[in-house]
Amino acid sequence: MFRFWGKKTLTMLLAVSGYLALLAYGLSHGRVLRIEPVRKNFYRQIFFSGNQALHIIGFMGLLLGIIVSTQTFALAGGDSSLVVKVMAWVIVWEIGPLFAAIIIIARSGSAIAVELALMRVSGEVASLEQMGIAPLDFLVVPRILGVTISVVALTAYFQIVAVVGGLAVSAMFKNVGFLDQIHRFVELVNPWLLMGGMVKSLVFGLVIATISCHHGISVGTATSAVPQAAIKAVIRAMLAVFLLDILFALIRLM
């Protein structure tokens, strides 16, 4: 039993060290975006991870805003000020960054892992190396930076849609002006809360992109490794995001 858990712990530590090394590489080699093909990969990743997810993020944000607003009214008996406070705390700080991260993991994290794994299995990565092109510069750096920017932008979009939708519903229930609700929200929301939500989304984006790229680019040559890479990328990215969310909560309580 001790050998089993010891082996599991060692495997996890090696994986974390691999994530950190790849993240450090991606952040320190951002200058490669000046190269035209790399920059095109960067724009393509933003389009896929960000632009193509707008409708999903918008729809989920609207639904969540309505749910939070109606449930708060049901529990608080129509206290509009409490609705505004709950919207600020739940949407801006907690649910917004978390939901956006989960959607990106489901859409982009698995897709990146599969794409890179297929390129490794089919020999495309080896071909890049033979041509003197660094695979990490061409394949990984634009994906890490593109996914991170997409997560931050989608989080802000999710928060705006959720808050506006939730406050619109609360205005109807309370029979108050929608603009009055918006004004109250602006007065009550803490700027540090907004900044904290953006910092969380930035960290989530870096972690999601790094884990997905790591499991995609580090597979072997067997075709069966492709779905395994996708599964590991999704599960470990989810686990990392939830652990980081708990860490942020603990930091805020200090």
# chains A, B, ... in the order shown; residues from 1 in each chain; ligands from 1
call {"tool": "residues_around", "arguments": {"residues": "Asp180 in chain A", "least_positions_apart": "6", "cutoff": "10 Å", "atoms": "only C-alpha atoms", "output": "PyMOL selection string"}}
result
chain A and resi 167+171+186
call {"tool": "write_last_selection", "arguments": {"atoms": "C-alpha atoms", "output": "compact mmCIF listing (two decimals), in the first residue's frame"}}
result
# COMPACT_ATOMS: atom_id res chain seq x y z
CA LEU A 167 -30.18 42.40 -12.34
CA ALA A 171 -35.65 44.61 -11.36
CA VAL A 186 -21.61 49.74 -9.36
call {"tool": "residues_around", "arguments": {"residues": "range 62-70 of chain A", "least_positions_apart": "3", "cutoff": "10 Å", "atoms": "only C-alpha atoms", "output": "PyMOL selection string"}}
result
chain A and resi 56-59+73-76+78+80+82-84+86-87+90-91+95-96+99+158-171+173
call {"tool": "closest_residue", "arguments": {"among": "A:Leu193, A:Ile112, A:Met60, A:Arg184", "to": "Ile231 in chain A", "atoms": "only C-alpha atoms"}}
result
A:Ile112
call {"tool": "atom_distance", "arguments": {"atom1": "CA of Leu145 in chain A", "atom2": "CA of Gly18 in chain A"}}
result
17.6 Å
call {"tool": "residues_around", "arguments": {"residues": "Val16 in chain A", "least_positions_apart": "4", "cutoff": "12 Å", "atoms": "only C-alpha atoms", "output": "list in words"}}
result
Thr9, Leu10, Thr11, Met12, Leu20, Ala21, Leu22, Leu23, Val207, Thr210, Ile211, His214, His215, Arg236, Ala237 and Ala240 of chain A
call {"tool": "residues_around", "arguments": {"residues": "Gln45 in chain A", "least_positions_apart": "5", "cutoff": "8 Å", "atoms": "only C-alpha atoms", "output": "list in words"}}
result
Gly50, Pro142, Arg143, Gly146 and Val147 of chain A
call {"tool": "write_last_selection", "arguments": {"atoms": "C-alpha atoms", "output": "compact mmCIF listing (two decimals), in the first residue's frame"}}
result
# COMPACT_ATOMS: atom_id res chain seq x y z
CA GLY A 50 -12.44 32.65 -27.46
CA PRO A 142 0.95 30.30 -29.04
CA ARG A 143 -1.52 27.89 -27.44
CA GLY A 146 -3.89 32.24 -26.75
CA VAL A 147 -5.88 30.15 -24.29
call {"tool": "select_by_dssp", "arguments": {"residues": "range 164-236 of chain A", "states": "alpha helix (DSSP H)", "output": "JSON, numbers by chain"}}
result
{"A": [164, 165, 166, 167, 168, 169, 170, 171, 172, 173, 174, 178, 179, 180, 181, 182, 183, 184, 185, 186, 187, 188, 191, 192, 193, 194, 195, 196, 197, 198, 199, 200, 201, 202, 203, 204, 205, 206, 207, 208, 209, 210, 211, 212, 213, 214, 215, 216, 217, 225, 226, 227, 228, 229, 230, 231, 232, 233, 234, 235, 236]}
call {"tool": "write_last_selection", "arguments": {"atoms": "C-alpha atoms", "output": "PDB file, in the first residue's frame"}}
result
ATOM      1  CA  VAL A 164     -26.881  42.285 -16.467  1.00  0.00           C
ATOM      2  CA  GLY A 165     -29.285  39.353 -16.904  1.00  0.00           C
ATOM      3  CA  GLY A 166     -29.598  38.747 -13.174  1.00  0.00           C
ATOM      4  CA  LEU A 167     -30.181  42.395 -12.338  1.00  0.00           C
ATOM      5  CA  ALA A 168     -32.745  42.696 -15.142  1.00  0.00           C
ATOM      6  CA  VAL A 169     -34.728  39.818 -13.623  1.00  0.00           C
ATOM      7  CA  SER A 170     -34.370  41.247 -10.104  1.00  0.00           C
ATOM      8  CA  ALA A 171     -35.646  44.608 -11.359  1.00  0.00           C
ATOM      9  CA  MET A 172     -38.775  42.903 -12.703  1.00  0.00           C
ATOM     10  CA  PHE A 173     -39.396  40.980  -9.469  1.00  0.00           C
ATOM     11  CA  LYS A 174     -38.833  44.018  -7.258  1.00  0.00           C
ATOM     12  CA  PHE A 178     -33.121  48.330 -14.141  1.00  0.00           C
ATOM     13  CA  LEU A 179     -30.720  51.284 -14.274  1.00  0.00           C
ATOM     14  CA  ASP A 180     -31.203  51.771 -10.541  1.00  0.00           C
ATOM     15  CA  GLN A 181     -30.101  48.180 -10.003  1.00  0.00           C
ATOM     16  CA  ILE A 182     -27.061  48.697 -12.201  1.00  0.00           C
ATOM     17  CA  HIS A 183     -26.182  51.893 -10.337  1.00  0.00           C
ATOM     18  CA  ARG A 184     -26.498  50.098  -6.994  1.00  0.00           C
ATOM     19  CA  PHE A 185     -24.301  47.287  -8.249  1.00  0.00           C
ATOM     20  CA  VAL A 186     -21.607  49.743  -9.358  1.00  0.00           C
ATOM     21  CA  GLU A 187     -21.739  51.438  -5.949  1.00  0.00           C
ATOM     22  CA  LEU A 188     -21.537  48.212  -3.953  1.00  0.00           C
ATOM     23  CA  PRO A 191     -12.878  47.224  -7.413  1.00  0.00           C
ATOM     24  CA  TRP A 192     -10.540  44.756  -5.736  1.00  0.00           C
ATOM     25  CA  LEU A 193     -13.203  42.097  -6.241  1.00  0.00           C
ATOM     26  CA  LEU A 194     -13.185  42.767  -9.974  1.00  0.00           C
ATOM     27  CA  MET A 195      -9.411  42.668 -10.067  1.00  0.00           C
ATOM     28  CA  GLY A 196      -9.396  39.445  -8.048  1.00  0.00           C
ATOM     29  CA  GLY A 197     -11.764  37.804 -10.524  1.00  0.00           C
ATOM     30  CA  MET A 198      -9.486  38.751 -13.394  1.00  0.00           C
ATOM     31  CA  VAL A 199      -6.401  37.452 -11.583  1.00  0.00           C
ATOM     32  CA  LYS A 200      -8.168  34.128 -10.966  1.00  0.00           C
ATOM     33  CA  SER A 201      -9.123  33.833 -14.631  1.00  0.00           C
ATOM     34  CA  LEU A 202      -5.540  34.640 -15.661  1.00  0.00           C
ATOM     35  CA  VAL A 203      -4.135  31.900 -13.412  1.00  0.00           C
ATOM     36  CA  PHE A 204      -6.827  29.448 -14.539  1.00  0.00           C
ATOM     37  CA  GLY A 205      -6.024  30.138 -18.182  1.00  0.00           C
ATOM     38  CA  LEU A 206      -2.299  29.549 -17.724  1.00  0.00           C
ATOM     39  CA  VAL A 207      -2.902  26.313 -15.839  1.00  0.00           C
ATOM     40  CA  ILE A 208      -5.465  24.939 -18.320  1.00  0.00           C
ATOM     41  CA  ALA A 209      -3.295  25.690 -21.342  1.00  0.00           C
ATOM     42  CA  THR A 210      -0.115  24.345 -19.763  1.00  0.00           C
ATOM     43  CA  ILE A 211      -1.640  21.051 -18.598  1.00  0.00           C
ATOM     44  CA  SER A 212      -3.388  20.480 -21.939  1.00  0.00           C
ATOM     45  CA  CYS A 213      -0.241  21.170 -23.950  1.00  0.00           C
ATOM     46  CA  HIS A 214       1.908  19.044 -21.649  1.00  0.00           C
ATOM     47  CA  HIS A 215      -0.250  15.936 -22.005  1.00  0.00           C
ATOM     48  CA  GLY A 216      -0.581  16.436 -25.741  1.00  0.00           C
ATOM     49  CA  ILE A 217       3.054  17.051 -26.594  1.00  0.00           C
ATOM     50  CA  ALA A 225      -2.125   7.322 -26.182  1.00  0.00           C
ATOM     51  CA  VAL A 226      -4.236  10.025 -27.888  1.00  0.00           C
ATOM     52  CA  PRO A 227      -7.501   9.524 -25.947  1.00  0.00           C
ATOM     53  CA  GLN A 228      -5.498   8.970 -22.766  1.00  0.00           C
ATOM     54  CA  ALA A 229      -3.844  12.355 -23.266  1.00  0.00           C
ATOM     55  CA  ALA A 230      -7.246  14.032 -23.620  1.00  0.00           C
ATOM     56  CA  ILE A 231      -8.615  12.331 -20.504  1.00  0.00           C
ATOM     57  CA  LYS A 232      -5.582  13.239 -18.419  1.00  0.00           C
ATOM     58  CA  ALA A 233      -5.648  16.827 -19.668  1.00  0.00           C
ATOM     59  CA  VAL A 234      -9.317  17.338 -18.796  1.00  0.00           C
ATOM     60  CA  ILE A 235      -9.248  15.609 -15.405  1.00  0.00           C
ATOM     61  CA  ARG A 236      -6.017  17.184 -14.199  1.00  0.00           C
TER      62      ARG A 236
END
call {"tool": "decode", "arguments": {"residues": "range 82-111 of chain A", "atoms": "N, CA and C atoms", "output": "mmCIF file, in the first residue's frame"}}
result
data_model
loop_
_atom_site.group_PDB
_atom_site.id
_atom_site.type_symbol
_atom_site.label_atom_id
_atom_site.label_comp_id
_atom_site.auth_asym_id
_atom_site.auth_seq_id
_atom_site.Cartn_x
_atom_site.Cartn_y
_atom_site.Cartn_z
ATOM 1 N N LEU A 82 -29.551 42.877 -1.236
ATOM 2 C CA LEU A 82 -28.879 41.598 -1.037
ATOM 3 C C LEU A 82 -28.637 40.909 -2.370
ATOM 4 N N VAL A 83 -29.584 41.031 -3.278
ATOM 5 C CA VAL A 83 -29.403 40.448 -4.608
ATOM 6 C C VAL A 83 -28.165 41.026 -5.273
ATOM 7 N N VAL A 84 -28.010 42.340 -5.170
ATOM 8 C CA VAL A 84 -26.854 42.999 -5.777
ATOM 9 C C VAL A 84 -25.555 42.503 -5.145
ATOM 10 N N LYS A 85 -25.543 42.365 -3.823
ATOM 11 C CA LYS A 85 -24.342 41.895 -3.135
ATOM 12 C C LYS A 85 -24.013 40.451 -3.517
ATOM 13 N N VAL A 86 -25.041 39.625 -3.590
ATOM 14 C CA VAL A 86 -24.817 38.226 -3.968
ATOM 15 C C VAL A 86 -24.304 38.132 -5.400
ATOM 16 N N MET A 87 -24.865 38.937 -6.291
ATOM 17 C CA MET A 87 -24.415 38.934 -7.677
ATOM 18 C C MET A 87 -22.947 39.326 -7.757
ATOM 19 N N ALA A 88 -22.564 40.335 -6.979
ATOM 20 C CA ALA A 88 -21.176 40.788 -7.006
ATOM 21 C C ALA A 88 -20.235 39.700 -6.509
ATOM 22 N N TRP A 89 -20.614 39.062 -5.419
ATOM 23 C CA TRP A 89 -19.739 38.056 -4.821
ATOM 24 C C TRP A 89 -19.724 36.758 -5.635
ATOM 25 N N VAL A 90 -20.910 36.236 -5.933
ATOM 26 C CA VAL A 90 -20.997 34.923 -6.584
ATOM 27 C C VAL A 90 -20.533 34.984 -8.034
ATOM 28 N N ILE A 91 -21.014 35.974 -8.781
ATOM 29 C CA ILE A 91 -20.721 36.033 -10.214
ATOM 30 C C ILE A 91 -19.315 36.549 -10.480
ATOM 31 N N VAL A 92 -18.980 37.669 -9.866
ATOM 32 C CA VAL A 92 -17.710 38.329 -10.187
ATOM 33 C C VAL A 92 -16.524 37.558 -9.628
ATOM 34 N N TRP A 93 -16.622 37.142 -8.375
ATOM 35 C CA TRP A 93 -15.467 36.529 -7.731
ATOM 36 C C TRP A 93 -15.408 35.011 -7.929
ATOM 37 N N GLU A 94 -16.531 34.329 -7.741
ATOM 38 C CA GLU A 94 -16.485 32.878 -7.649
ATOM 39 C C GLU A 94 -16.892 32.169 -8.939
ATOM 40 N N ILE A 95 -18.170 32.297 -9.320
ATOM 41 C CA ILE A 95 -18.707 31.463 -10.392
ATOM 42 C C ILE A 95 -18.209 31.887 -11.768
ATOM 43 N N GLY A 96 -18.052 33.181 -11.991
ATOM 44 C CA GLY A 96 -17.629 33.654 -13.305
ATOM 45 C C GLY A 96 -16.326 33.022 -13.770
ATOM 46 N N PRO A 97 -15.233 33.205 -13.035
ATOM 47 C CA PRO A 97 -13.965 32.590 -13.451
ATOM 48 C C PRO A 97 -14.030 31.058 -13.504
ATOM 49 N N LEU A 98 -14.763 30.458 -12.561
ATOM 50 C CA LEU A 98 -14.820 28.998 -12.499
ATOM 51 C C LEU A 98 -15.583 28.418 -13.688
ATOM 52 N N PHE A 99 -16.735 28.996 -14.016
ATOM 53 C CA PHE A 99 -17.531 28.500 -15.132
ATOM 54 C C PHE A 99 -16.790 28.679 -16.454
ATOM 55 N N ALA A 100 -16.194 29.831 -16.645
ATOM 56 C CA ALA A 100 -15.446 30.070 -17.878
ATOM 57 C C ALA A 100 -14.306 29.069 -18.020
ATOM 58 N N ALA A 101 -13.624 28.786 -16.916
ATOM 59 C CA ALA A 101 -12.522 27.817 -16.949
ATOM 60 C C ALA A 101 -13.021 26.424 -17.303
ATOM 61 N N ILE A 102 -14.147 26.016 -16.725
ATOM 62 C CA ILE A 102 -14.692 24.682 -17.004
ATOM 63 C C ILE A 102 -15.081 24.541 -18.476
ATOM 64 N N ILE A 103 -15.691 25.568 -19.023
ATOM 65 C CA ILE A 103 -16.093 25.519 -20.432
ATOM 66 C C ILE A 103 -14.866 25.452 -21.339
ATOM 67 N N ILE A 104 -13.830 26.212 -21.013
ATOM 68 C CA ILE A 104 -12.606 26.183 -21.813
ATOM 69 C C ILE A 104 -11.938 24.812 -21.721
ATOM 70 N N ILE A 105 -11.944 24.214 -20.534
ATOM 71 C CA ILE A 105 -11.363 22.875 -20.392
ATOM 72 C C ILE A 105 -12.110 21.883 -21.276
ATOM 73 N N ALA A 106 -13.444 21.941 -21.231
ATOM 74 C CA ALA A 106 -14.253 21.002 -22.006
ATOM 75 C C ALA A 106 -14.064 21.193 -23.514
ATOM 76 N N ARG A 107 -13.969 22.455 -23.947
ATOM 77 C CA ARG A 107 -13.861 22.714 -25.383
ATOM 78 C C ARG A 107 -12.411 22.673 -25.870
ATOM 79 N N SER A 108 -11.590 23.536 -25.277
ATOM 80 C CA SER A 108 -10.242 23.748 -25.804
ATOM 81 C C SER A 108 -9.204 22.820 -25.195
ATOM 82 N N GLY A 109 -9.325 22.532 -23.894
ATOM 83 C CA GLY A 109 -8.316 21.702 -23.247
ATOM 84 C C GLY A 109 -8.208 20.328 -23.884
ATOM 85 N N SER A 110 -9.346 19.674 -24.047
ATOM 86 C CA SER A 110 -9.342 18.353 -24.671
ATOM 87 C C SER A 110 -8.908 18.420 -26.129
ATOM 88 N N ALA A 111 -9.355 19.464 -26.843
ATOM 89 C CA ALA A 111 -9.007 19.595 -28.262
ATOM 90 C C ALA A 111 -7.504 19.816 -28.445
#
